[in-house]
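run.cif follows; it contains mmCIF, N, CA and C atoms.
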```
data_input
#
loop_
_atom_site.label_atom_id
_atom_site.label_comp_id
_atom_site.auth_asym_id
_atom_site.auth_seq_id
_atom_site.Cartn_x
_atom_site.Cartn_y
_atom_site.Cartn_z
N MET A 128 244.57 65.46 28.81
CA MET A 128 243.32 64.79 28.53
C MET A 128 243.45 63.35 29.02
N GLU A 129 242.48 62.92 29.76
CA GLU A 129 242.48 61.56 30.27
C GLU A 129 241.37 60.76 29.63
N GLU A 130 241.63 59.47 29.45
CA GLU A 130 240.62 58.54 29.02
C GLU A 130 240.13 57.82 30.27
N VAL A 131 238.84 57.83 30.47
CA VAL A 131 238.25 57.20 31.66
C VAL A 131 237.25 56.17 31.17
N SER A 132 237.35 54.94 31.69
CA SER A 132 236.35 53.95 31.33
C SER A 132 235.72 53.38 32.59
N ALA A 133 234.41 53.18 32.49
CA ALA A 133 233.64 52.63 33.61
C ALA A 133 232.45 51.87 33.03
N SER A 134 232.25 50.69 33.51
CA SER A 134 231.10 49.88 33.08
C SER A 134 231.02 49.73 31.57
N GLY A 135 232.18 49.60 30.92
CA GLY A 135 232.21 49.40 29.48
C GLY A 135 232.11 50.67 28.64
N ASP A 136 231.86 51.81 29.26
CA ASP A 136 231.78 53.08 28.54
C ASP A 136 233.12 53.80 28.64
N VAL A 137 233.48 54.55 27.60
CA VAL A 137 234.73 55.31 27.59
C VAL A 137 234.40 56.79 27.47
N TYR A 138 235.05 57.60 28.32
CA TYR A 138 234.87 59.05 28.34
C TYR A 138 236.23 59.72 28.24
N PHE A 139 236.25 60.94 27.74
CA PHE A 139 237.48 61.72 27.71
C PHE A 139 237.25 62.96 28.56
N ARG A 140 238.16 63.20 29.50
CA ARG A 140 238.01 64.28 30.46
C ARG A 140 239.29 65.10 30.54
N ARG A 141 239.15 66.33 30.99
CA ARG A 141 240.30 67.17 31.32
C ARG A 141 240.27 67.39 32.82
N THR A 142 241.45 67.42 33.41
CA THR A 142 241.53 67.68 34.84
C THR A 142 242.61 68.71 35.10
N GLY A 143 242.41 69.51 36.10
CA GLY A 143 243.41 70.49 36.49
C GLY A 143 244.01 70.17 37.83
N ASN A 144 243.56 69.09 38.46
CA ASN A 144 244.01 68.77 39.80
C ASN A 144 244.36 67.29 39.87
N VAL A 145 245.66 66.99 39.82
CA VAL A 145 246.13 65.61 39.88
C VAL A 145 247.21 65.52 40.94
N SER A 146 247.16 64.46 41.72
CA SER A 146 248.19 64.20 42.72
C SER A 146 248.59 62.74 42.61
N ALA A 147 249.55 62.31 43.41
CA ALA A 147 249.96 60.91 43.40
C ALA A 147 248.83 60.01 43.88
N GLY A 148 247.89 60.56 44.63
CA GLY A 148 246.82 59.75 45.20
C GLY A 148 245.52 59.77 44.42
N GLY A 149 245.37 60.72 43.49
CA GLY A 149 244.11 60.78 42.76
C GLY A 149 243.98 62.01 41.90
N ALA A 150 242.74 62.27 41.48
CA ALA A 150 242.47 63.39 40.58
C ALA A 150 241.06 63.91 40.85
N PHE A 151 240.84 65.17 40.48
CA PHE A 151 239.50 65.74 40.55
C PHE A 151 239.14 66.28 39.17
N PHE A 152 237.99 65.84 38.66
CA PHE A 152 237.49 66.30 37.37
C PHE A 152 236.42 67.35 37.66
N GLU A 153 236.72 68.61 37.35
CA GLU A 153 235.86 69.73 37.75
C GLU A 153 234.53 69.81 37.03
N ARG A 154 234.50 69.58 35.75
CA ARG A 154 233.26 69.78 35.00
C ARG A 154 232.69 68.48 34.46
N ALA A 155 232.96 67.39 35.16
CA ALA A 155 232.49 66.09 34.71
C ALA A 155 231.13 65.77 35.32
N VAL A 156 230.28 65.15 34.53
CA VAL A 156 229.06 64.59 35.09
C VAL A 156 229.52 63.39 35.91
N PRO A 157 229.27 63.39 37.21
CA PRO A 157 229.89 62.38 38.06
C PRO A 157 229.26 61.00 37.97
N HIS A 158 230.10 60.00 38.16
CA HIS A 158 229.62 58.64 38.39
C HIS A 158 229.29 58.55 39.88
N ALA A 159 228.57 57.53 40.26
CA ALA A 159 228.22 57.34 41.67
C ALA A 159 229.47 57.05 42.49
N VAL A 160 229.47 57.53 43.73
CA VAL A 160 230.57 57.21 44.66
C VAL A 160 230.68 55.70 44.74
N GLY A 161 231.92 55.21 44.67
CA GLY A 161 232.17 53.77 44.70
C GLY A 161 232.38 53.15 43.33
N THR A 162 232.05 53.89 42.25
CA THR A 162 232.24 53.36 40.91
C THR A 162 233.71 53.16 40.64
N GLU A 163 234.09 51.99 40.12
CA GLU A 163 235.48 51.71 39.77
C GLU A 163 235.73 52.16 38.34
N LEU A 164 236.89 52.80 38.13
CA LEU A 164 237.24 53.38 36.84
C LEU A 164 238.64 52.95 36.42
N THR A 165 238.89 52.99 35.13
CA THR A 165 240.23 52.87 34.59
C THR A 165 240.57 54.18 33.93
N LEU A 166 241.71 54.77 34.30
CA LEU A 166 242.15 56.03 33.72
C LEU A 166 243.42 55.81 32.92
N LYS A 167 243.51 56.42 31.76
CA LYS A 167 244.70 56.36 30.91
C LYS A 167 245.07 57.79 30.54
N PHE A 168 246.34 58.15 30.79
CA PHE A 168 246.74 59.52 30.50
C PHE A 168 248.23 59.59 30.22
N LEU A 169 248.60 60.64 29.49
CA LEU A 169 249.99 60.92 29.17
C LEU A 169 250.50 62.05 30.05
N LEU A 170 251.70 61.90 30.55
CA LEU A 170 252.38 63.00 31.23
C LEU A 170 253.08 63.84 30.18
N PRO A 171 253.23 65.13 30.41
CA PRO A 171 253.92 65.98 29.43
C PRO A 171 255.30 65.42 29.08
N GLY A 172 255.59 65.36 27.80
CA GLY A 172 256.89 64.89 27.33
C GLY A 172 257.03 63.39 27.23
N GLU A 173 256.01 62.62 27.58
CA GLU A 173 256.09 61.17 27.51
C GLU A 173 255.26 60.64 26.35
N ARG A 174 255.60 59.42 25.91
CA ARG A 174 254.88 58.78 24.80
C ARG A 174 254.04 57.60 25.25
N GLU A 175 254.33 57.08 26.43
CA GLU A 175 253.60 55.92 26.94
C GLU A 175 252.60 56.36 27.99
N LYS A 176 251.35 55.94 27.80
CA LYS A 176 250.30 56.33 28.75
C LYS A 176 250.49 55.62 30.10
N ILE A 177 250.08 56.30 31.14
CA ILE A 177 249.98 55.71 32.46
C ILE A 177 248.56 55.14 32.55
N VAL A 178 248.46 53.94 33.07
CA VAL A 178 247.15 53.31 33.27
C VAL A 178 246.96 53.11 34.77
N ALA A 179 245.89 53.68 35.30
CA ALA A 179 245.60 53.59 36.73
C ALA A 179 244.18 53.10 36.92
N ARG A 180 243.99 52.30 37.94
CA ARG A 180 242.65 51.89 38.36
C ARG A 180 242.27 52.77 39.54
N GLY A 181 241.04 53.22 39.56
CA GLY A 181 240.62 54.11 40.63
C GLY A 181 239.18 53.91 41.01
N GLU A 182 238.76 54.72 41.97
CA GLU A 182 237.40 54.65 42.48
C GLU A 182 236.89 56.07 42.73
N VAL A 183 235.64 56.32 42.38
CA VAL A 183 235.02 57.61 42.67
C VAL A 183 234.81 57.70 44.17
N VAL A 184 235.38 58.75 44.79
CA VAL A 184 235.26 58.92 46.24
C VAL A 184 234.45 60.15 46.63
N SER A 185 234.20 61.04 45.67
CA SER A 185 233.35 62.20 45.96
C SER A 185 232.67 62.65 44.68
N ALA A 186 231.46 63.11 44.84
CA ALA A 186 230.69 63.66 43.73
C ALA A 186 229.89 64.83 44.28
N PRO A 187 230.55 66.00 44.42
CA PRO A 187 229.89 67.15 45.03
C PRO A 187 228.65 67.57 44.26
N GLY A 188 227.66 68.00 44.97
CA GLY A 188 226.40 68.38 44.34
C GLY A 188 226.32 69.84 43.95
N GLY A 189 227.29 70.66 44.33
CA GLY A 189 227.26 72.09 44.02
C GLY A 189 227.54 72.37 42.56
N ARG A 190 227.40 73.60 42.16
CA ARG A 190 227.70 74.07 40.80
C ARG A 190 227.03 73.20 39.74
N GLY A 191 225.77 72.92 39.93
CA GLY A 191 225.04 72.15 38.92
C GLY A 191 225.28 70.66 39.03
N GLY A 192 225.91 70.20 40.11
CA GLY A 192 226.13 68.78 40.31
C GLY A 192 227.30 68.21 39.53
N LEU A 193 228.18 69.06 39.02
CA LEU A 193 229.29 68.58 38.23
C LEU A 193 230.54 68.39 39.07
N GLY A 194 231.38 67.45 38.68
CA GLY A 194 232.65 67.20 39.33
C GLY A 194 232.67 65.86 40.05
N MET A 195 233.87 65.27 40.11
CA MET A 195 234.03 64.03 40.88
C MET A 195 235.49 63.84 41.24
N GLY A 196 235.69 63.32 42.45
CA GLY A 196 237.02 63.01 42.93
C GLY A 196 237.31 61.53 42.76
N ILE A 197 238.49 61.23 42.26
CA ILE A 197 238.92 59.85 42.01
C ILE A 197 240.13 59.55 42.88
N ARG A 198 240.12 58.41 43.55
CA ARG A 198 241.30 57.94 44.29
C ARG A 198 241.93 56.82 43.48
N PHE A 199 243.24 56.95 43.22
CA PHE A 199 243.95 55.88 42.52
C PHE A 199 244.09 54.69 43.46
N ARG A 200 243.78 53.51 42.96
CA ARG A 200 243.90 52.28 43.75
C ARG A 200 245.19 51.52 43.39
N ARG A 201 245.48 51.46 42.09
CA ARG A 201 246.71 50.79 41.67
C ARG A 201 247.06 51.26 40.25
N PHE A 202 248.33 51.10 39.92
CA PHE A 202 248.85 51.49 38.61
C PHE A 202 249.39 50.25 37.91
N GLU A 203 249.33 50.25 36.59
CA GLU A 203 249.96 49.19 35.83
C GLU A 203 251.43 49.53 35.63
N GLY A 204 252.27 48.51 35.62
CA GLY A 204 253.69 48.68 35.34
C GLY A 204 254.34 49.70 36.25
N ASP A 205 255.14 50.59 35.64
CA ASP A 205 255.88 51.60 36.41
C ASP A 205 255.13 52.93 36.49
N GLY A 206 253.83 52.90 36.25
CA GLY A 206 253.04 54.13 36.23
C GLY A 206 253.11 54.95 37.49
N GLN A 207 253.08 54.30 38.64
CA GLN A 207 253.12 55.04 39.90
C GLN A 207 254.45 55.74 40.09
N SER A 208 255.56 55.08 39.78
CA SER A 208 256.86 55.72 39.94
C SER A 208 257.05 56.86 38.93
N ARG A 209 256.54 56.70 37.71
CA ARG A 209 256.62 57.77 36.72
C ARG A 209 255.79 58.97 37.16
N MET A 210 254.62 58.72 37.73
CA MET A 210 253.76 59.80 38.20
C MET A 210 254.43 60.54 39.34
N ARG A 211 254.97 59.82 40.31
CA ARG A 211 255.64 60.48 41.44
C ARG A 211 256.85 61.29 41.00
N ALA A 212 257.65 60.75 40.07
CA ALA A 212 258.82 61.47 39.58
C ALA A 212 258.38 62.76 38.89
N PHE A 213 257.32 62.71 38.12
CA PHE A 213 256.82 63.89 37.44
C PHE A 213 256.38 64.96 38.46
N LEU A 214 255.61 64.52 39.45
CA LEU A 214 255.10 65.45 40.45
C LEU A 214 256.21 66.07 41.28
N LEU A 215 257.23 65.29 41.61
CA LEU A 215 258.37 65.83 42.37
C LEU A 215 259.15 66.87 41.58
N ALA A 216 259.17 66.73 40.26
CA ALA A 216 259.91 67.65 39.41
C ALA A 216 259.17 68.99 39.22
N GLN A 217 257.91 69.04 39.60
CA GLN A 217 257.10 70.26 39.40
C GLN A 217 257.40 71.30 40.43
#
```
In structure tokens, what does this structure look like?
Amino acid sequence: MEEVSASGDVYFRRTGNVSAGGAFFERAVPHAVGTELTLKFLLPGEREKIVARGEVVSAPGGRGGLGMGIRFRRFEGDGQSRMRAFLLAQ
């Protein structure tokens, strides 16, 4: 479960597709392309959340207009290295 904030609003989303470069939220009501977001999430087995800044890069109109692709722009602290280490271990 990820916490996503944009324009002062906070949302909680689930994603099944995460990479070192971004994420896709399949059943999310999308924000407009170009919207800047802050994402906070826990990796399995960790206690400290990763905080990433991102941008909406796609908002497909199919399947009822749901879904949005996020590109990570930067991570706070060691978030990027923790994310990469997790993904390499998969």
- Task: Give me the residues within 6 Å of A:Ile197 as a PyMOL selection string, counting only C-alpha atoms and dropping any in the same chain fewer than 6 places off.
- Result: chain A and resi 149-150+182-184
I need the residues from that last selection saved to file as a JSON list (two decimals), in the frame of the given file (with N, CA and C atoms), if you can.
```
[["chain", "number", "residue", "atom", "x", "y", "z"],
["A", 149, "GLY", "N", 245.37, 60.72, 43.49],
["A", 149, "GLY", "CA", 244.11, 60.78, 42.76],
["A", 149, "GLY", "C", 243.98, 62.01, 41.90],
["A", 150, "ALA", "N", 242.74, 62.27, 41.48],
["A", 150, "ALA", "CA", 242.47, 63.39, 40.58],
["A", 150, "ALA", "C", 241.06, 63.91, 40.85],
["A", 182, "GLU", "N", 238.76, 54.72, 41.97],
["A", 182, "GLU", "CA", 237.40, 54.65, 42.48],
["A", 182, "GLU", "C", 236.89, 56.07, 42.73],
["A", 183, "VAL", "N", 235.64, 56.32, 42.38],
["A", 183, "VAL", "CA", 235.02, 57.61, 42.67],
["A", 183, "VAL", "C", 234.81, 57.70, 44.17],
["A", 184, "VAL", "N", 235.38, 58.75, 44.79],
["A", 184, "VAL", "CA", 235.26, 58.92, 46.24],
["A", 184, "VAL", "C", 234.45, 60.15, 46.63]]
```
- Would you give me, as a PyMOL selection string, the residues in chain A that DSSP reads as strand (DSSP E)? chain A and resi 129-133+136-140+144-145+149-152+163-168+177-185+195-202
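Compared by their closest atoms to A:Asp205, and using all atoms listed in the file, the residues A:Val178, A:Val145, A:Gly172, A:Gly161 rank with A:Val178 nearest.
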- request: Find, counting all atoms listed in the file, the residue in A:Thr162, A:Gln207, A:Ser134, A:Thr142 that gets nearest to A:Ala179.
  value: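 Of all the options, A:Gln207 lies closest to A:Ala179.
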Could you pull the residues within 5 Å of A:Leu164, counting all atoms listed in the file, minus those fewer than 3 positions along the same chain, as a PDB file with N, CA and C atoms, keeping the file's coordinate frame?
```pdb
ATOM      1  N   SER A 132     237.350  54.940  31.690  1.00  0.00           N
ATOM      2  CA  SER A 132     236.350  53.950  31.330  1.00  0.00           C
ATOM      3  C   SER A 132     235.720  53.380  32.590  1.00  0.00           C
ATOM      4  N   ALA A 133     234.410  53.180  32.490  1.00  0.00           N
ATOM      5  CA  ALA A 133     233.640  52.630  33.610  1.00  0.00           C
ATOM      6  C   ALA A 133     232.450  51.870  33.030  1.00  0.00           C
ATOM      7  N   ARG A 180     243.990  52.300  37.940  1.00  0.00           N
ATOM      8  CA  ARG A 180     242.650  51.890  38.360  1.00  0.00           C
ATOM      9  C   ARG A 180     242.270  52.770  39.540  1.00  0.00           C
ATOM     10  N   GLY A 181     241.040  53.220  39.560  1.00  0.00           N
ATOM     11  CA  GLY A 181     240.620  54.110  40.630  1.00  0.00           C
ATOM     12  C   GLY A 181     239.180  53.910  41.010  1.00  0.00           C
ATOM     13  N   GLU A 182     238.760  54.720  41.970  1.00  0.00           N
ATOM     14  CA  GLU A 182     237.400  54.650  42.480  1.00  0.00           C
ATOM     15  C   GLU A 182     236.890  56.070  42.730  1.00  0.00           C
TER      16      GLU A 182
END
```
* Which is closest to A:Ser146 among A:Ala216, A:Leu169, A:Met210, A:Ala159, if we use only N, CA and C atoms? ->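 Under the stated criterion, the closest residue is A:Met210.
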In terms of all atoms listed in the file, the residue from A:Asp136, A:Gly194, A:Ala186, A:Arg174 at minimal distance from A:Arg154 is A:Gly194
**Q.** All helix (DSSP H, G or I) residues (DSSP, backbone) inside chain A, as a list of chain:residue names
**A.**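 So the helix (DSSP H, G or I) residues in chain A would be A:Arg190, A:Gly191, A:Gly192, A:Gly206, A:Gln207, A:Ser208, A:Arg209, A:Met210, A:Arg211, A:Ala212, A:Phe213, A:Leu214, A:Leu215, A:Ala216.
Between A:Arg211 and the residues A:Arg198, A:Ala147, A:Leu193, A:Ala155, the shortest atom-to-atom distance, using all atoms listed in the file, involves A:Ala147.
Computed from the coordinates, the atom N of A:Phe152 to atom N of A:Gly204 distance equals 22.7 Å.
Checking A:Gln217, A:Gly135, A:Met195, A:Arg209 one by one against A:Val156, counting all atoms listed in the file, you find the shortest gap at A:Met195.
Interatomic distance, atom CA of A:Phe213 to atom CA of A:Leu170: 7.7 Å.
Of note, atom N of A:Lys176 and atom N of A:Val131 are spaced 12.9 Å apart.
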